[in-house]
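J.: upload_21.cif is reproduced below (mmCIF, C-alpha atoms and all ligand atoms).
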```
data_query
loop_
_atom_site.label_atom_id
_atom_site.label_comp_id
_atom_site.auth_asym_id
_atom_site.auth_seq_id
_atom_site.Cartn_x
_atom_site.Cartn_y
_atom_site.Cartn_z
CA MET A 1 -184.68 119.01 44.88
CA THR A 2 -181.96 116.63 46.05
CA LYS A 3 -184.56 114.56 47.84
CA ALA A 4 -186.77 114.38 44.72
CA ARG A 5 -183.83 113.24 42.56
CA GLY A 6 -182.84 110.73 45.21
CA SER A 7 -186.27 109.14 45.35
CA LEU A 8 -186.38 108.93 41.54
CA THR A 9 -183.11 107.00 41.54
CA VAL A 10 -184.44 104.66 44.21
CA ARG A 11 -187.66 104.14 42.24
CA ARG A 12 -185.67 103.41 39.03
CA ARG A 13 -183.44 100.99 40.86
CA LYS A 14 -186.48 99.24 42.34
CA MET A 15 -188.14 99.11 38.91
CA SER A 16 -185.18 97.48 37.22
CA SER A 17 -184.70 94.95 40.00
CA THR A 18 -188.43 94.10 39.90
CA GLU A 19 -188.12 93.57 36.14
CA ASP A 20 -185.13 91.28 36.74
CA LEU A 21 -187.05 89.40 39.40
CA ASP A 22 -190.11 88.97 37.16
CA TYR A 23 -188.06 87.61 34.30
CA PRO A 24 -184.39 86.83 35.06
CA GLN A 25 -183.05 87.29 31.54
CA LEU A 26 -179.48 87.59 32.77
CA LEU A 27 -179.65 84.28 34.60
CA PHE A 28 -181.05 82.55 31.53
CA GLN A 29 -178.18 83.93 29.50
CA TYR A 30 -175.65 82.63 32.02
CA ASN A 31 -177.44 79.29 32.18
CA ASN A 32 -177.04 78.90 28.43
CA GLY A 33 -173.44 80.08 28.27
CA PHE A 34 -171.99 76.62 27.76
CA LEU A 35 -174.58 75.76 25.09
CA VAL A 36 -173.32 78.74 23.09
CA SER A 37 -169.69 77.64 23.45
CA LYS A 38 -170.50 74.10 22.40
CA ILE A 39 -172.39 75.20 19.28
CA MET A 40 -169.40 77.25 18.14
CA PHE A 41 -166.96 74.41 18.98
CA THR A 42 -169.09 71.85 17.12
CA ALA A 43 -169.45 73.93 13.96
CA CYS A 44 -165.66 74.42 13.99
CA GLU A 45 -164.92 70.79 14.67
CA LEU A 46 -167.20 69.57 11.86
CA GLY A 47 -165.58 72.01 9.42
CA VAL A 48 -168.66 74.14 8.67
CA PHE A 49 -166.67 77.40 8.43
CA ASP A 50 -163.88 75.82 6.36
CA LEU A 51 -166.38 74.39 3.88
CA LEU A 52 -168.23 77.70 3.52
CA LEU A 53 -164.93 79.52 2.99
CA GLU A 54 -163.94 77.14 0.19
CA SER A 55 -167.37 76.97 -1.48
CA GLU A 56 -168.05 79.31 -4.39
CA GLY A 57 -171.24 80.70 -2.82
CA PRO A 58 -173.75 80.07 -0.02
CA LEU A 59 -174.78 76.44 0.51
CA SER A 60 -178.00 74.74 1.59
CA SER A 61 -178.05 72.80 4.82
CA ASP A 62 -178.53 69.50 2.92
CA ALA A 63 -175.43 70.20 0.81
CA ILE A 64 -173.38 71.06 3.92
CA ALA A 65 -174.63 67.94 5.74
CA GLU A 66 -173.74 65.75 2.77
CA ARG A 67 -170.27 67.24 2.29
CA LEU A 68 -169.46 66.97 6.02
CA GLY A 69 -171.06 63.54 6.51
CA THR A 70 -173.62 64.52 9.16
CA SER A 71 -177.36 64.04 9.59
CA ALA A 72 -179.49 66.57 7.69
CA SER A 73 -181.67 67.31 10.73
CA GLY A 74 -178.73 67.90 13.08
CA MET A 75 -176.90 70.10 10.60
CA GLU A 76 -179.91 72.29 9.87
CA ARG A 77 -180.37 73.05 13.55
CA LEU A 78 -176.65 73.66 14.05
CA LEU A 79 -176.58 76.11 11.12
CA ASP A 80 -179.67 77.96 12.33
CA ALA A 81 -178.16 78.27 15.80
CA CYS A 82 -174.97 79.65 14.21
CA VAL A 83 -177.12 82.23 12.40
CA GLY A 84 -178.66 83.17 15.77
CA LEU A 85 -175.13 83.59 17.16
CA LYS A 86 -174.10 85.74 14.15
CA LEU A 87 -171.46 83.22 13.16
CA LEU A 88 -173.29 82.54 9.88
CA GLY A 89 -175.53 84.55 7.58
CA VAL A 90 -178.54 83.11 5.79
CA GLU A 91 -180.34 83.96 2.53
CA MET A 92 -183.85 82.73 1.87
CA LYS A 93 -184.27 81.59 -1.76
CA SER A 94 -187.21 79.83 -3.43
CA GLU A 95 -185.33 76.51 -2.95
CA GLY A 96 -184.90 77.21 0.78
CA ALA A 97 -182.23 78.60 3.14
CA PHE A 98 -178.61 79.14 1.99
CA TYR A 99 -175.85 79.71 4.53
CA ARG A 100 -172.60 81.70 4.33
CA ASN A 101 -169.83 82.70 6.74
CA THR A 102 -169.80 86.10 8.39
CA GLU A 103 -166.59 88.15 8.22
CA LEU A 104 -165.92 87.22 11.84
CA SER A 105 -166.03 83.48 11.17
CA ASN A 106 -163.98 83.77 7.97
CA LEU A 107 -161.27 85.59 9.87
CA TYR A 108 -161.18 83.67 13.15
CA LEU A 109 -162.99 80.33 12.84
CA THR A 110 -161.54 78.91 9.62
CA LYS A 111 -158.42 76.77 9.93
CA SER A 112 -156.53 78.44 7.10
CA SER A 113 -156.85 82.06 8.25
CA PRO A 114 -153.60 83.60 9.60
CA LYS A 115 -155.66 84.81 12.58
CA SER A 116 -157.39 81.46 13.09
CA GLN A 117 -158.55 80.66 16.63
CA TYR A 118 -159.60 77.16 15.57
CA HIS A 119 -156.95 75.37 17.67
CA ASN A 120 -157.71 77.47 20.73
CA LEU A 121 -161.40 76.58 20.42
CA MET A 122 -160.59 72.90 19.95
CA TYR A 123 -158.41 72.92 23.09
CA TYR A 124 -161.31 74.46 25.00
CA SER A 125 -163.77 71.95 23.59
CA LYS A 126 -161.69 68.81 24.08
CA THR A 127 -159.73 69.58 27.25
CA VAL A 128 -160.78 72.70 29.15
CA TYR A 129 -164.48 71.77 28.93
CA LEU A 130 -163.79 68.40 30.56
CA CYS A 131 -161.86 70.00 33.44
CA TRP A 132 -164.70 72.46 34.05
CA HIS A 133 -167.04 69.56 34.65
CA TYR A 134 -165.24 69.36 38.03
CA LEU A 135 -165.32 73.06 38.91
CA THR A 136 -167.29 72.45 42.12
CA ASP A 137 -164.68 69.91 43.22
CA ALA A 138 -161.91 72.35 42.29
CA VAL A 139 -163.43 75.02 44.53
CA ARG A 140 -163.91 72.49 47.36
CA ASP A 141 -160.38 71.08 47.05
CA GLY A 142 -158.62 74.32 46.05
CA LYS A 143 -156.70 72.51 43.33
CA ASN A 144 -156.73 71.34 39.73
CA GLN A 145 -158.82 68.40 38.65
CA TYR A 146 -156.60 66.22 36.42
CA GLU A 147 -157.12 63.17 38.60
CA ARG A 148 -160.89 63.33 38.33
CA ALA A 149 -161.06 64.49 34.72
CA PHE A 150 -158.34 62.35 33.14
CA GLY A 151 -157.25 59.84 35.80
CA VAL A 152 -153.68 61.20 35.93
CA SER A 153 -151.69 62.43 38.91
CA SER A 154 -151.45 66.20 39.24
CA LYS A 155 -148.26 66.06 41.32
CA ASP A 156 -146.24 67.49 38.43
CA LEU A 157 -148.42 70.07 36.66
CA PHE A 158 -146.87 69.78 33.21
CA GLU A 159 -146.68 65.96 33.42
CA ALA A 160 -150.46 66.11 33.86
CA LEU A 161 -150.98 68.74 31.14
CA TYR A 162 -148.73 66.79 28.75
CA ARG A 163 -150.20 63.38 29.66
CA SER A 164 -149.72 62.27 26.05
CA GLU A 165 -147.83 63.62 23.06
CA GLU A 166 -151.18 64.33 21.41
CA GLU A 167 -152.35 66.42 24.40
CA MET A 168 -149.10 68.37 24.42
CA ILE A 169 -149.42 69.19 20.72
CA LYS A 170 -153.06 70.26 21.16
CA PHE A 171 -151.96 72.52 24.03
CA MET A 172 -149.18 74.05 21.93
CA TYR A 173 -151.46 74.77 18.96
CA GLY A 174 -154.21 76.02 21.27
CA LEU A 175 -152.01 78.46 23.17
CA ASN A 176 -150.15 79.74 20.13
CA ALA A 177 -153.34 80.94 18.39
CA ILE A 178 -153.87 84.08 20.47
CA TRP A 179 -150.54 85.68 19.53
CA SER A 180 -151.73 86.36 15.97
CA ILE A 181 -154.28 88.70 17.60
CA CYS A 182 -152.57 90.00 20.77
CA GLY A 183 -148.85 89.32 20.16
CA ARG A 184 -147.98 92.64 18.54
CA ASP A 185 -149.72 94.61 21.31
CA VAL A 186 -147.83 93.01 24.17
CA ILE A 187 -144.46 92.96 22.43
CA GLY A 188 -144.92 96.59 21.36
CA ALA A 189 -146.27 97.80 24.72
CA PHE A 190 -142.73 98.93 25.66
CA ASP A 191 -139.78 99.83 23.46
CA LEU A 192 -137.78 96.61 23.71
CA SER A 193 -135.26 97.60 21.00
CA PRO A 194 -132.39 98.11 23.52
CA PHE A 195 -132.65 94.41 24.44
CA THR A 196 -131.03 92.27 21.77
CA ILE A 197 -130.49 88.91 23.48
CA ILE A 198 -133.91 87.74 24.56
CA TYR A 199 -135.01 84.50 26.23
CA ASP A 200 -138.66 83.53 26.02
CA LEU A 201 -138.90 81.30 29.10
CA GLY A 202 -141.64 78.73 28.57
CA GLY A 203 -141.77 80.05 25.01
CA CYS A 204 -143.75 76.99 23.86
CA ALA A 205 -144.61 77.03 20.11
CA GLY A 206 -142.91 80.38 19.52
CA GLY A 207 -145.80 82.61 18.43
CA LEU A 208 -144.59 85.44 20.64
CA ALA A 209 -140.93 84.91 19.65
CA GLN A 210 -141.96 85.35 16.01
CA GLU A 211 -143.75 88.63 16.84
CA CYS A 212 -140.69 89.80 18.76
CA ILE A 213 -138.16 89.28 15.97
CA SER A 214 -140.50 90.82 13.43
CA LEU A 215 -140.96 93.99 15.53
CA TYR A 216 -137.31 94.29 16.67
CA PRO A 217 -134.96 93.58 13.74
CA ASN A 218 -131.83 93.49 15.96
CA SER A 219 -133.15 90.93 18.40
CA THR A 220 -132.59 87.20 18.65
CA VAL A 221 -135.00 85.15 20.73
CA THR A 222 -134.23 81.84 22.38
CA ILE A 223 -137.21 79.66 23.19
CA TYR A 224 -136.43 78.01 26.52
CA ASP A 225 -138.80 75.16 27.29
CA LEU A 226 -139.03 71.53 28.40
CA PRO A 227 -137.13 69.24 25.95
CA LYS A 228 -140.19 67.58 24.42
CA VAL A 229 -141.86 70.94 23.84
CA VAL A 230 -138.73 72.32 22.17
CA GLN A 231 -138.59 69.27 19.87
CA VAL A 232 -142.16 69.82 18.66
CA ALA A 233 -141.66 73.59 18.35
CA LYS A 234 -138.69 72.94 16.05
CA GLU A 235 -140.45 70.27 14.02
CA ARG A 236 -143.85 71.91 13.59
CA PHE A 237 -143.90 75.59 14.43
CA VAL A 238 -140.68 77.52 13.77
CA PRO A 239 -139.29 77.29 10.23
CA PRO A 240 -135.61 76.19 10.20
CA GLU A 241 -134.61 79.17 8.04
CA GLU A 242 -135.66 81.46 10.90
CA ARG A 243 -132.10 81.96 12.19
CA ARG A 244 -133.03 84.62 14.76
CA ILE A 245 -135.03 82.12 16.79
CA THR A 246 -132.96 79.53 18.64
CA PHE A 247 -133.85 76.90 21.23
CA HIS A 248 -132.77 75.85 24.68
CA GLU A 249 -134.04 72.65 26.28
CA GLY A 250 -134.32 72.89 30.02
CA ASP A 251 -136.39 73.04 33.18
CA PHE A 252 -136.43 76.64 34.39
CA PHE A 253 -136.90 75.56 38.01
CA LYS A 254 -134.05 73.03 38.04
CA ASP A 255 -131.57 73.90 35.26
CA PRO A 256 -129.43 76.99 34.77
CA ILE A 257 -130.92 80.01 33.00
CA PRO A 258 -128.38 81.62 30.64
CA GLU A 259 -127.49 85.33 30.75
CA ALA A 260 -129.61 87.63 28.57
CA ASP A 261 -130.77 91.23 28.16
CA LEU A 262 -134.44 90.42 28.49
CA TYR A 263 -136.53 87.50 29.68
CA ILE A 264 -140.10 87.15 28.50
CA LEU A 265 -142.49 85.30 30.81
CA ALA A 266 -145.77 85.04 28.92
CA ARG A 267 -148.55 83.25 30.80
CA ILE A 268 -145.93 81.59 33.02
CA LEU A 269 -146.44 83.17 36.45
CA HIS A 270 -150.21 82.63 36.28
CA ASP A 271 -149.52 78.87 36.27
CA TRP A 272 -147.80 78.93 39.65
CA ALA A 273 -148.36 79.81 43.31
CA ASP A 274 -146.44 82.78 44.75
CA ASP A 275 -143.54 80.73 46.18
CA LYS A 276 -142.73 79.17 42.79
CA CYS A 277 -143.07 82.56 41.05
CA MET A 278 -140.63 84.02 43.57
CA GLN A 279 -138.20 81.17 43.05
CA LEU A 280 -138.26 81.65 39.25
CA LEU A 281 -138.04 85.45 39.33
CA ALA A 282 -135.11 85.39 41.77
CA LYS A 283 -133.28 82.98 39.45
CA ILE A 284 -133.98 85.22 36.45
CA HIS A 285 -132.79 88.29 38.33
CA LYS A 286 -129.51 86.55 39.06
CA ALA A 287 -129.01 85.54 35.41
CA CYS A 288 -130.09 88.91 33.95
CA LYS A 289 -127.46 91.35 32.64
CA PRO A 290 -127.31 94.62 34.62
CA GLY A 291 -129.62 97.07 32.84
CA GLY A 292 -131.58 94.14 31.46
CA GLY A 293 -135.14 93.26 32.34
CA VAL A 294 -138.06 90.91 32.51
CA LEU A 295 -141.31 91.29 30.57
CA LEU A 296 -144.39 89.69 32.10
CA VAL A 297 -147.27 89.06 29.72
CA GLU A 298 -150.47 88.24 31.57
CA THR A 299 -154.15 89.10 31.72
CA LEU A 300 -154.54 91.56 34.61
CA LEU A 301 -157.26 91.78 37.25
CA ASN A 302 -158.41 95.19 38.45
CA GLU A 303 -156.72 96.13 41.72
CA ASP A 304 -159.99 95.54 43.63
CA LYS A 305 -160.56 92.26 41.69
CA THR A 306 -164.03 93.39 40.55
CA GLY A 307 -163.13 92.59 36.95
CA PRO A 308 -162.53 92.30 34.09
CA LEU A 309 -164.92 89.34 33.89
CA GLU A 310 -162.77 87.56 31.28
CA THR A 311 -159.79 87.63 33.66
CA GLN A 312 -161.94 86.45 36.56
CA LEU A 313 -163.06 83.51 34.38
CA TYR A 314 -159.45 82.74 33.46
CA SER A 315 -158.51 82.79 37.11
CA MET A 316 -161.15 80.11 37.73
CA ASN A 317 -159.58 78.22 34.84
CA MET A 318 -156.21 78.40 36.56
CA LEU A 319 -157.89 76.76 39.55
CA VAL A 320 -159.18 73.77 37.54
CA GLN A 321 -156.17 73.50 35.25
CA ALA A 322 -153.03 74.83 36.97
CA GLU A 323 -151.48 75.75 40.33
CA GLY A 324 -151.65 79.53 40.02
CA LYS A 325 -154.16 82.32 39.49
CA GLU A 326 -154.59 85.57 37.60
CA ARG A 327 -153.23 88.54 39.54
CA THR A 328 -153.49 92.32 39.81
CA PRO A 329 -150.71 94.69 38.65
CA ALA A 330 -149.85 95.32 42.32
CA GLU A 331 -149.49 91.59 43.00
CA TYR A 332 -147.14 91.12 40.02
CA SER A 333 -145.19 94.25 40.98
CA LYS A 334 -144.75 92.92 44.50
CA LEU A 335 -143.37 89.62 43.19
CA LEU A 336 -140.99 91.45 40.83
CA ALA A 337 -139.80 93.86 43.53
CA ALA A 338 -139.20 91.02 45.99
CA ALA A 339 -136.97 89.35 43.38
CA GLY A 340 -134.94 92.57 43.04
CA PHE A 341 -136.46 94.13 39.91
CA ARG A 342 -137.07 97.91 39.93
CA GLU A 343 -138.58 100.65 37.71
CA ILE A 344 -141.63 98.40 37.30
CA GLN A 345 -144.03 99.69 34.63
CA VAL A 346 -147.47 98.32 33.75
CA LYS A 347 -149.03 98.78 30.30
CA LYS A 348 -152.62 97.80 29.60
CA THR A 349 -153.12 97.05 25.92
CA GLY A 350 -156.94 97.19 25.86
CA LYS A 351 -156.98 93.58 24.68
CA LEU A 352 -156.84 90.34 26.61
CA TYR A 353 -153.15 90.38 27.54
CA ASP A 354 -151.15 93.19 29.15
CA ALA A 355 -147.46 93.77 29.77
CA ILE A 356 -145.34 94.53 32.83
CA LEU A 357 -141.67 95.44 32.52
CA GLY A 358 -139.19 95.26 35.41
CA ARG A 359 -135.52 96.31 35.20
CA LYS A 360 -132.43 94.98 36.92
C1 LIG B 1 -149.11 78.35 29.92
S1 LIG B 1 -147.83 77.91 28.84
C2 LIG B 1 -147.38 79.48 28.10
C3 LIG B 1 -146.71 79.32 26.78
C4 LIG B 1 -146.30 80.60 26.08
N1 LIG B 1 -145.42 81.41 26.87
C5 LIG B 1 -147.53 81.38 25.68
O1 LIG B 1 -147.91 82.32 26.38
O2 LIG B 1 -148.14 81.02 24.66
C6 LIG B 1 -146.49 77.53 29.91
C7 LIG B 1 -145.22 77.13 29.19
O3 LIG B 1 -144.20 76.90 30.18
C8 LIG B 1 -143.51 75.72 29.85
N2 LIG B 1 -142.96 75.16 31.09
C9 LIG B 1 -143.67 74.67 32.15
N3 LIG B 1 -142.82 74.28 33.12
C10 LIG B 1 -141.59 74.51 32.66
C11 LIG B 1 -140.30 74.30 33.23
N4 LIG B 1 -140.16 73.78 34.46
N5 LIG B 1 -139.22 74.68 32.50
C12 LIG B 1 -139.37 75.21 31.26
N6 LIG B 1 -140.57 75.44 30.67
C13 LIG B 1 -141.66 75.08 31.38
C14 LIG B 1 -144.58 74.83 29.24
O4 LIG B 1 -144.05 73.76 28.49
C15 LIG B 1 -145.34 75.83 28.41
O5 LIG B 1 -144.75 75.99 27.14
#
```
Would you mind writing the structure in this file as structure tokens?
Ligand SMILES: C[S@@+](CC[C@H](N)C(=O)[O-])C[C@H]1O[C@@H](n2cnc3c(N)ncnc32)[C@H](O)[C@@H]1O
T.:
Amino acid sequence: MTKARGSLTVRRRKMSSTEDLDYPQLLFQYNNGFLVSKIMFTACELGVFDLLLESEGPLSSDAIAERLGTSASGMERLLDACVGLKLLGVEMKSEGAFYRNTELSNLYLTKSSPKSQYHNLMYYSKTVYLCWHYLTDAVRDGKNQYERAFGVSSKDLFEALYRSEEEMIKFMYGLNAIWSICGRDVIGAFDLSPFTIIYDLGGCAGGLAQECISLYPNSTVTIYDLPKVVQVAKERFVPPEERRITFHEGDFFKDPIPEADLYILARILHDWADDKCMQLLAKIHKACKPGGGVLLVETLLNEDKTGPLETQLYSMNMLVQAEGKERTPAEYSKLLAAAGFREIQVKKTGKLYDAILGRK
């Protein structure tokens, strides 16, 4: 009986691998992955989803091409491809095809939606995509590719990332977008209400700080970031009437870190190699009030690093774009413990970003 079942399994396995070998569907899908990304980026960039949100009803491809100033032939193919990707719907009328947004594109791909991912997509299209052109070199060299991609030195990571004011602003908008989707989950993963004085180190445009003060009415959050980032955060992202968010200009590696109950490090440690993470965590531990803590917000690899695929992809992105990598819960816990933090707890949110809390 066991033998019979065993041979059936073997036969099934052989069958499916023969099918794959006859017609490697999966490989074709992977091969086309970047074509899919670029179609979505292009429709966003040209304003297809914004136009269809504003229009009273579905529009023909000629009308969309005219309103957006593109060729009719290019637009028709772009719209049809978006239908294939389920980013648009289409109705066939006697006059021809009429296109409309899907719920997904209304919610996430239009600029005006509160959950818009437009800026994240544009950062991928205009910056990340160019770095990935040098992925092979990144693997060969074991380091980021700013010199090849943009002709700038990568000696100071954030000098390279912020190689112009425009790039820095694109980065800030791009990174902030995800917190309208995942912010509440990571900030609510643990009860942070006992911590009232909170520093968001590398808090950037403040998306997570906003989530934090809205969930914890007794908290104040200070965004600690490089001076030019803080300036833009104040001018463009955090409304001045928001008194519970304050700012601190500084370099967390070189300048003092003020005392607080809780330090948030969201997507900070993944930028850096272990020695820099250790240096930063030890400094935070010293500054932290007794009984206080540190909240890491990162995308987590499985302990055996077999997944999740999204995190594996992001770890490759850290190779081309940063100095760090994505890590497992055990790797983060080890860094926290070495800096003196204890009672380390890991919470998976089921979404892209997870939370790890360590106490002093
Ligand atoms: C990958 S971004 C993460 C931003 C934000 N925490 C988030 O998750 O959206 C890294 C942040 O760290 C800031 N940063 C980098 N080096 C820094 C330093 N030496 N001192 C202070 N902030 C720094 C950057 O300006 C940027 O805002």
J.: Determine, counting all atoms listed in the file, which protein, DNA and RNA residues have an atom within 8 Å of an atom of Arg359 in chain A; residues of the same chain fewer than 4 positions away are not included. Present the result as a tab-separated table (two decimals) with C-alpha atoms, keeping the file's coordinate frame.
T.:
```tsv
chain	number	residue	atom	x	y	z
A	291	GLY	CA	-129.62	97.07	32.84
A	292	GLY	CA	-131.58	94.14	31.46
A	293	GLY	CA	-135.14	93.26	32.34
A	294	VAL	CA	-138.06	90.91	32.51
A	341	PHE	CA	-136.46	94.13	39.91
A	342	ARG	CA	-137.07	97.91	39.93
A	343	GLU	CA	-138.58	100.65	37.71
A	344	ILE	CA	-141.63	98.40	37.30
```
J.: Choose the residue, out of A:Leu175, A:Ala266, A:Ile197, A:Leu309, that has the smallest atom-to-atom separation from Lys289 in chain A; count all atoms listed in the file.
T.: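 Comparing A:Leu175, A:Ala266, A:Ile197, A:Leu309 against Lys289 in chain A, the winner is A:Ile197.
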J.: Which one is closest to ligand LIG 1 (chain B): A:Met75, A:Leu157, A:Ala189, A:Ala337? Count all atoms listed in the file.
T.: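 Between A:Met75, A:Leu157, A:Ala189, A:Ala337, the residue approaching ligand LIG 1 (chain B) most closely is A:Leu157.
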J.: Find the residues near ligand LIG 1 (chain B). Use a cut-off of 9 Å, count all atoms listed in the file, and write them as a PyMOL selection string.
T.: chain A and resi 157-158+161-162+168+171-172+174-179+200-208+224-230+249-255+264-271+297-298+322
J.: If you measure from CA of Gly358 in chain A to CA of Leu295 in chain A, what distance in Å do you get, rounded to one decimal?
T.: 6.6 Å
J.: One decimal, in Å: what's the spacing between CA of Thr196 in chain A and CA of Ser214 in chain A?
T.: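 Computed distance, CA of Thr196 in chain A to CA of Ser214 in chain A, equals 12.7 Å.
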J.: How many Å separate CA of Glu326 in chain A from CA of Lys143 in chain A?
T.: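 Taking CA of Glu326 in chain A and CA of Lys143 in chain A, their separation equals 14.4 Å.
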J.: So that I can check the surroundings of Gly89 in chain A, please list as a list in words every protein, DNA and RNA residue that reaches within 12 Å of it, counting only C-alpha atoms and ignoring chain neighbours fewer than 2 positions away.
T.: Phe49, Leu52, Gly57, Pro58, Leu59, Ser60, Leu79, Asp80, Ala81, Cys82, Val83, Gly84, Leu85, Lys86, Leu87, Glu91, Met92, Ala97, Phe98, Tyr99, Arg100, Asn101, Thr102, Glu103, Leu104, Ser105 and Asn106 of chain A
J.: With only C-alpha atoms as the atoms that count, which of A:Glu165, A:Thr222, A:Gln145, A:Ile213 lies nearest to Gly188 in chain A?
T.: A:Ile213
J.: At a cut-off of 12 Å around the point (-149.5, 78.4, 41.8) (file coordinates), what residues fall inside when counting only C-alpha atoms? I'd like the answer as a PyMOL selection string.
T.: chain A and resi 142-144+156-157+268-280+315+318-327
J.: Pick out the closest residue to Asn317 in chain A from this set: A:Cys131, A:Val221, A:Ile181, A:Tyr332. Count only C-alpha atoms.
T.: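 Ranked by minimum distance to Asn317 in chain A, first place goes to A:Cys131.
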